[in-house]
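Text of the file query-v2.cif, holding mmCIF, C-alpha atoms:
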data_start
loop_
_atom_site.group_PDB
_atom_site.id
_atom_site.type_symbol
_atom_site.label_atom_id
_atom_site.label_comp_id
_atom_site.auth_asym_id
_atom_site.auth_seq_id
_atom_site.Cartn_x
_atom_site.Cartn_y
_atom_site.Cartn_z
ATOM 1 C CA MET A 1 0.000 0.000 0.000
ATOM 2 C CA PHE A 2 2.796 2.416 0.903
ATOM 3 C CA GLU A 3 4.562 1.725 -2.428
ATOM 4 C CA SER A 4 1.408 2.513 -4.436
ATOM 5 C CA PHE A 5 1.039 5.776 -2.497
ATOM 6 C CA LYS A 6 4.677 6.685 -3.302
ATOM 7 C CA ARG A 7 4.031 5.954 -7.013
ATOM 8 C CA PHE A 8 0.898 8.143 -6.877
ATOM 9 C CA LEU A 9 2.847 11.039 -5.321
ATOM 10 C CA LYS A 10 5.679 10.674 -7.809
ATOM 11 C CA LYS A 11 3.223 10.720 -10.710
ATOM 12 C CA SER A 12 1.277 13.668 -9.225
ATOM 13 C CA PHE A 13 4.347 15.872 -8.912
ATOM 14 C CA LYS A 14 5.913 14.950 -12.237
ATOM 15 C CA THR A 15 6.055 18.165 -14.224
ATOM 16 C CA ALA A 16 5.425 18.421 -17.957
ATOM 17 C CA TYR A 17 7.810 21.383 -18.398
ATOM 18 C CA GLY A 18 11.085 22.223 -16.760
ATOM 19 C CA PHE A 19 13.752 24.887 -17.275
ATOM 20 C CA ASP A 20 17.348 24.271 -16.226
ATOM 21 C CA ALA A 21 19.322 27.531 -16.354
ATOM 22 C CA LYS A 22 22.583 25.842 -15.319
ATOM 23 C CA ASN A 23 22.511 23.505 -18.340
ATOM 24 C CA SER A 24 20.672 25.976 -20.631
ATOM 25 C CA CYS A 25 17.890 23.560 -21.493
ATOM 26 C CA ILE A 26 14.191 22.958 -21.218
ATOM 27 C CA THR A 27 12.591 19.560 -20.728
ATOM 28 C CA LEU A 28 9.149 18.567 -21.972
ATOM 29 C CA LYS A 29 7.587 15.355 -20.680
ATOM 30 C CA ALA A 30 4.568 13.646 -22.193
ATOM 31 C CA ASN A 31 3.214 10.186 -22.857
ATOM 32 C CA LYS A 32 6.104 8.565 -20.911
ATOM 33 C CA LYS A 33 8.597 10.315 -23.225
ATOM 34 C CA GLU A 34 10.975 13.191 -22.638
ATOM 35 C CA LEU A 35 12.223 15.871 -25.012
ATOM 36 C CA VAL A 36 15.300 17.847 -23.890
ATOM 37 C CA ILE A 37 16.051 21.032 -25.807
ATOM 38 C CA LYS A 38 19.471 22.641 -25.444
ATOM 39 C CA LEU A 39 18.830 26.352 -25.759
ATOM 40 C CA GLY A 40 22.328 27.613 -26.405
ATOM 41 C CA ARG A 41 22.026 31.377 -26.071
ATOM 42 C CA TYR A 42 18.774 32.592 -24.597
ATOM 43 C CA TYR A 43 17.373 35.684 -22.954
ATOM 44 C CA LYS A 44 15.320 35.320 -19.754
ATOM 45 C CA THR A 45 13.210 38.088 -18.237
ATOM 46 C CA PRO A 46 11.407 37.624 -14.913
ATOM 47 C CA GLN A 47 7.781 38.814 -14.846
ATOM 48 C CA SER A 48 5.623 39.711 -11.880
ATOM 49 C CA SER A 49 1.969 40.299 -11.257
ATOM 50 C CA SER A 50 -0.603 39.861 -8.537
ATOM 51 C CA CYS A 51 -1.663 36.217 -8.235
ATOM 52 C CA VAL A 52 1.583 35.000 -9.809
ATOM 53 C CA GLN A 53 4.063 33.067 -7.666
ATOM 54 C CA GLU A 54 6.676 32.816 -10.412
ATOM 55 C CA ALA A 55 6.752 33.965 -14.011
ATOM 56 C CA TYR A 56 9.374 34.496 -16.679
ATOM 57 C CA CYS A 57 9.773 34.762 -20.433
ATOM 58 C CA LEU A 58 12.487 33.055 -22.477
ATOM 59 C CA LEU A 59 13.521 34.131 -25.948
ATOM 60 C CA CYS A 60 15.787 31.787 -27.865
ATOM 61 C CA ASN A 61 16.783 30.771 -31.352
ATOM 62 C CA ASP A 62 17.597 27.060 -31.277
ATOM 63 C CA THR A 63 19.464 25.391 -34.149
ATOM 64 C CA ASN A 64 16.960 22.491 -34.307
ATOM 65 C CA PHE A 65 13.717 24.266 -33.431
ATOM 66 C CA GLY A 66 14.340 27.807 -34.651
ATOM 67 C CA LYS A 67 12.924 30.870 -32.945
ATOM 68 C CA LEU A 68 10.919 30.185 -29.760
ATOM 69 C CA PHE A 69 9.178 32.399 -27.219
ATOM 70 C CA ILE A 70 8.306 30.732 -23.884
ATOM 71 C CA GLU A 71 6.341 32.197 -20.988
ATOM 72 C CA TYR A 72 6.049 30.242 -17.755
ATOM 73 C CA ILE A 73 3.441 31.256 -15.162
ATOM 74 C CA SER A 74 2.876 29.626 -11.765
ATOM 75 C CA LEU A 75 -0.354 30.870 -10.168
ATOM 76 C CA GLY A 76 -0.925 31.443 -6.473
ATOM 77 C CA GLN A 77 -3.131 28.907 -4.671
ATOM 78 C CA ARG A 78 -6.239 31.096 -4.571
ATOM 79 C CA CYS A 79 -5.875 32.460 -8.093
ATOM 80 C CA LYS A 80 -7.495 31.451 -11.360
ATOM 81 C CA TRP A 81 -7.768 32.521 -14.980
ATOM 82 C CA GLN A 82 -10.808 34.694 -15.708
ATOM 83 C CA SER A 83 -11.135 33.083 -19.157
ATOM 84 C CA LEU A 84 -9.341 30.325 -21.056
ATOM 85 C CA ALA A 85 -5.578 30.726 -20.714
ATOM 86 C CA GLN A 86 -4.881 29.609 -24.299
ATOM 87 C CA SER A 87 -7.431 32.140 -25.657
ATOM 88 C CA ASN A 88 -5.729 34.927 -23.704
ATOM 89 C CA PHE A 89 -2.378 33.879 -25.202
ATOM 90 C CA LYS A 90 -3.704 33.834 -28.795
ATOM 91 C CA ASP A 91 -5.483 37.168 -28.338
ATOM 92 C CA LEU A 92 -2.351 38.790 -26.899
ATOM 93 C CA ILE A 93 -0.241 37.473 -29.811
ATOM 94 C CA ARG A 94 -2.763 38.876 -32.282
ATOM 95 C CA SER A 95 -2.837 42.237 -30.487
ATOM 96 C CA GLU A 96 0.920 42.616 -29.851
ATOM 97 C CA LEU A 97 1.914 41.654 -33.407
ATOM 98 C CA LYS A 98 -0.993 43.582 -34.958
ATOM 99 C CA ILE A 99 -2.139 40.537 -36.923
ATOM 100 C CA GLU A 100 -5.160 41.133 -39.144
ATOM 101 C CA ASN A 101 -6.062 37.532 -39.939
ATOM 102 C CA MET A 102 -5.022 34.571 -37.762
ATOM 103 C CA LYS A 103 -6.851 31.430 -38.895
ATOM 104 C CA THR A 104 -6.654 28.231 -36.840
ATOM 105 C CA VAL A 105 -5.659 25.377 -39.174
ATOM 106 C CA GLN A 106 -5.411 22.561 -36.621
ATOM 107 C CA THR A 107 -5.751 22.043 -32.872
ATOM 108 C CA LEU A 108 -4.442 18.969 -31.042
ATOM 109 C CA GLU A 109 -5.433 18.425 -27.414
ATOM 110 C CA LEU A 110 -3.077 15.807 -26.006
ATOM 111 C CA GLU A 111 -3.092 15.068 -22.256
ATOM 112 C CA ASN A 112 -2.088 18.421 -20.754
ATOM 113 C CA TYR A 113 -0.813 19.907 -24.040
ATOM 114 C CA GLU A 114 -2.694 21.980 -26.595
ATOM 115 C CA ILE A 115 -0.926 22.493 -29.920
ATOM 116 C CA CYS A 116 -2.357 24.835 -32.557
ATOM 117 C CA SER A 117 -1.198 25.693 -36.050
ATOM 118 C CA PHE A 118 -2.196 29.022 -37.604
ATOM 119 C CA SER A 119 -2.163 30.642 -40.987
ATOM 120 C CA VAL A 120 -1.368 34.343 -40.484
ATOM 121 C CA ASN A 121 -2.603 36.765 -43.149
ATOM 122 C CA GLU A 122 -2.624 33.750 -45.518
ATOM 123 C CA LYS A 123 1.146 34.190 -45.959
ATOM 124 C CA TYR A 124 2.849 33.070 -42.734
ATOM 125 C CA ARG A 125 2.728 30.094 -40.359
ATOM 126 C CA LEU A 126 2.734 30.173 -36.583
ATOM 127 C CA PHE A 127 2.292 27.552 -33.846
ATOM 128 C CA THR A 128 1.289 27.800 -30.197
ATOM 129 C CA ILE A 129 1.854 25.186 -27.522
ATOM 130 C CA VAL A 130 0.135 25.545 -24.162
ATOM 131 C CA ILE A 131 1.068 23.173 -21.335
ATOM 132 C CA TYR A 132 -1.209 22.858 -18.306
ATOM 133 C CA ASP A 133 0.360 21.394 -15.196
ATOM 134 C CA GLY A 134 -1.755 21.999 -12.090
ATOM 135 C CA ASN A 135 -1.459 25.700 -11.360
ATOM 136 C CA ARG A 136 1.544 26.024 -13.696
ATOM 137 C CA TYR A 137 1.129 27.108 -17.318
ATOM 138 C CA THR A 138 3.696 27.233 -20.088
ATOM 139 C CA PHE A 139 2.951 29.176 -23.271
ATOM 140 C CA ILE A 140 5.206 28.585 -26.269
ATOM 141 C CA LEU A 141 5.225 30.462 -29.542
ATOM 142 C CA ASP A 142 6.910 28.249 -32.141
ATOM 143 C CA TYR A 143 7.599 30.246 -35.297
ATOM 144 C CA ASN A 144 8.370 27.370 -37.679
ATOM 145 C CA GLY A 145 6.546 24.370 -36.177
ATOM 146 C CA ASN A 146 9.465 22.023 -35.494
ATOM 147 C CA LEU A 147 8.824 21.879 -31.741
ATOM 148 C CA ALA A 148 5.067 21.487 -32.278
ATOM 149 C CA LYS A 149 5.790 18.606 -34.662
ATOM 150 C CA ASP A 150 8.124 16.865 -32.191
ATOM 151 C CA ILE A 151 5.633 17.185 -29.317
ATOM 152 C CA ALA A 152 2.813 15.817 -31.498
ATOM 153 C CA GLU A 153 5.071 12.881 -32.413
ATOM 154 C CA MET A 154 5.538 12.117 -28.695
ATOM 155 C CA PHE A 155 1.827 11.204 -28.815
ATOM 156 C CA ASP A 156 2.111 9.443 -32.205
ATOM 157 C CA LYS A 157 0.140 12.296 -33.812
ATOM 158 C CA ASP A 158 0.825 14.653 -36.708
ATOM 159 C CA ILE A 159 0.417 18.430 -36.874
ATOM 160 C CA GLU A 160 -0.067 20.305 -40.132
ATOM 161 C CA THR A 161 3.330 22.017 -40.587
ATOM 162 C CA LEU A 162 2.174 24.518 -43.240
ATOM 163 C CA GLU A 163 5.507 24.325 -45.063
ATOM 164 C CA GLU A 164 4.030 26.186 -48.031
ATOM 165 C CA LEU A 165 3.881 29.295 -45.811
ATOM 166 C CA GLU A 166 6.832 31.325 -44.526
ATOM 167 C CA SER A 167 7.749 31.596 -40.841
ATOM 168 C CA LEU A 168 6.336 34.771 -39.296
ATOM 169 C CA PRO A 169 9.176 37.353 -39.434
ATOM 170 C CA LEU A 170 7.920 39.370 -36.426
ATOM 171 C CA ASN A 171 9.257 39.089 -32.863
ATOM 172 C CA TYR A 172 6.671 38.593 -30.135
ATOM 173 C CA GLN A 173 7.710 40.007 -26.769
ATOM 174 C CA GLY A 174 4.365 40.180 -24.958
ATOM 175 C CA SER A 175 3.685 38.733 -21.536
ATOM 176 C CA LEU A 176 0.426 37.538 -20.021
ATOM 177 C CA ALA A 177 1.850 38.075 -16.514
ATOM 178 C CA LYS A 178 2.913 41.649 -17.258
ATOM 179 C CA ARG A 179 -0.341 42.501 -19.093
ATOM 180 C CA ASN A 180 -2.382 41.040 -16.231
ATOM 181 C CA MET A 181 -2.183 44.394 -14.432
ATOM 182 C CA ILE A 182 -4.132 45.989 -17.289
ATOM 183 C CA GLU A 183 -6.174 43.103 -18.714
ATOM 184 C CA ASN A 184 -7.015 41.236 -15.468
ATOM 185 C CA PHE A 185 -6.441 37.778 -16.999
ATOM 186 C CA ILE A 186 -5.818 36.268 -13.544
ATOM 187 C CA SER A 187 -7.475 37.139 -10.224
ATOM 188 C CA ASN A 188 -8.162 35.859 -6.719
ATOM 189 C CA ASP A 189 -11.093 33.472 -6.260
#
Please express the file's structure as structure tokens.
Amino acid sequence: MFESFKRFLKKSFKTAYGFDAKNSCITLKANKKELVIKLGRYYKTPQSSSCVQEAYCLLCNDTNFGKLFIEYISLGQRCKWQSLAQSNFKDLIRSELKIENMKTVQTLELENYEICSFSVNEKYRLFTIVIYDGNRYTFILDYNGNLAKDIAEMFDKDIETLEELESLPLNYQGSLAKRNMIENFISND
């Protein structure tokens, strides 16, 4: 009985996303598989807001995955999103980058991952990955779709890579945590 309880605790506290600054890498876990991404050079900015225990943004340009934007948000115990977290992320991307037309091509909901591919202004491609892990949320903007493709493959699924479209040439630097002061995305219960 004690061993089954230990296995339950281990499984309950197993995180889907991890950032290791010392080794300059992020780890994504899903479907009993692990994907380790060496970031090389990256830029990390801490974010703060009411209801947020920890938050930061990472900007990197990986040789295998290309340009990535990552925002990690850990909510306080009594805090919650006022609307769907992934919708807030997509709306903020659209607003910050002044995108006129952002059409969802495909959405994959896999365990605690949501992967979406978008056609932007019918010329560019863009991918979002949202990871839900208890009160921790990771939002990833994948400009060329390589990371989205690898995560989908961890679940033996395919994502439309939209290779006929160019990667979006704009740089997103928004933050849900920082914009929370104005937009009230997150609040106390």
Report the residues retrieved by the PyMOL selection byres ((chain A and resi 170) around 12) from the displayed file, expressed as a PDB file with C-alpha atoms, keeping the file's coordinate frame.
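Saved as result.pdb:
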ATOM      1  CA  LYS A  67      12.924  30.870 -32.945  1.00  0.00           C
ATOM      2  CA  LEU A  68      10.919  30.185 -29.760  1.00  0.00           C
ATOM      3  CA  PHE A  69       9.178  32.399 -27.219  1.00  0.00           C
ATOM      4  CA  ILE A  93      -0.241  37.473 -29.811  1.00  0.00           C
ATOM      5  CA  ARG A  94      -2.763  38.876 -32.282  1.00  0.00           C
ATOM      6  CA  GLU A  96       0.920  42.616 -29.851  1.00  0.00           C
ATOM      7  CA  LEU A  97       1.914  41.654 -33.407  1.00  0.00           C
ATOM      8  CA  LYS A  98      -0.993  43.582 -34.958  1.00  0.00           C
ATOM      9  CA  ILE A  99      -2.139  40.537 -36.923  1.00  0.00           C
ATOM     10  CA  VAL A 120      -1.368  34.343 -40.484  1.00  0.00           C
ATOM     11  CA  TYR A 124       2.849  33.070 -42.734  1.00  0.00           C
ATOM     12  CA  ARG A 125       2.728  30.094 -40.359  1.00  0.00           C
ATOM     13  CA  LEU A 126       2.734  30.173 -36.583  1.00  0.00           C
ATOM     14  CA  LEU A 141       5.225  30.462 -29.542  1.00  0.00           C
ATOM     15  CA  ASP A 142       6.910  28.249 -32.141  1.00  0.00           C
ATOM     16  CA  TYR A 143       7.599  30.246 -35.297  1.00  0.00           C
ATOM     17  CA  GLU A 166       6.832  31.325 -44.526  1.00  0.00           C
ATOM     18  CA  SER A 167       7.749  31.596 -40.841  1.00  0.00           C
ATOM     19  CA  LEU A 168       6.336  34.771 -39.296  1.00  0.00           C
ATOM     20  CA  PRO A 169       9.176  37.353 -39.434  1.00  0.00           C
ATOM     21  CA  ASN A 171       9.257  39.089 -32.863  1.00  0.00           C
ATOM     22  CA  TYR A 172       6.671  38.593 -30.135  1.00  0.00           C
ATOM     23  CA  GLN A 173       7.710  40.007 -26.769  1.00  0.00           C
TER      24      GLN A 173
END
Explicit residue set for the PyMOL selection byres ((chain A and resi 145) around 12), as an MDAnalysis selection string
chainID A and resid 64:68 115:119 124:129 140:144 146:152 158:163 165:168
Evaluated on this file, the PyMOL selection byres ((chain A and resi 36) around 8) picks out some residues - which ones are they, written as a PyMOL selection string?
chain A and resi 25-28+34-35+37-38
Print the selection's residues with C-alpha atoms to a file, as a PDB file, keeping the file's coordinate frame.
ATOM      1  CA  CYS A  25      17.890  23.560 -21.493  1.00  0.00           C
ATOM      2  CA  ILE A  26      14.191  22.958 -21.218  1.00  0.00           C
ATOM      3  CA  THR A  27      12.591  19.560 -20.728  1.00  0.00           C
ATOM      4  CA  LEU A  28       9.149  18.567 -21.972  1.00  0.00           C
ATOM      5  CA  GLU A  34      10.975  13.191 -22.638  1.00  0.00           C
ATOM      6  CA  LEU A  35      12.223  15.871 -25.012  1.00  0.00           C
ATOM      7  CA  ILE A  37      16.051  21.032 -25.807  1.00  0.00           C
ATOM      8  CA  LYS A  38      19.471  22.641 -25.444  1.00  0.00           C
TER       9      LYS A  38
END
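With all atoms listed in the file as the atoms that count, the minimum distance from Phe19 (chain A) to the choices A:Asp62, A:Cys57, A:Val130, A:Asn184 is reached by A:Cys57.
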Restricting the calculation to only C-alpha atoms: of A:Ser95, A:Ser49, A:Ser74, A:Thr138, which residue gets closest to Ile182 (chain A)?
A:Ser49
In Å, how far is it from CA of Tyr132 (chain A) to CA of Asn112 (chain A)?
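Taking CA of Tyr132 (chain A) as the start and CA of Asn112 (chain A) as the end point, the length is 5.1 Å.
Distances here use only C-alpha atoms; by that measure, the residue among A:Asn188, A:Leu108, A:Val52, A:Tyr113 closest to Asp133 (chain A) is A:Tyr113.
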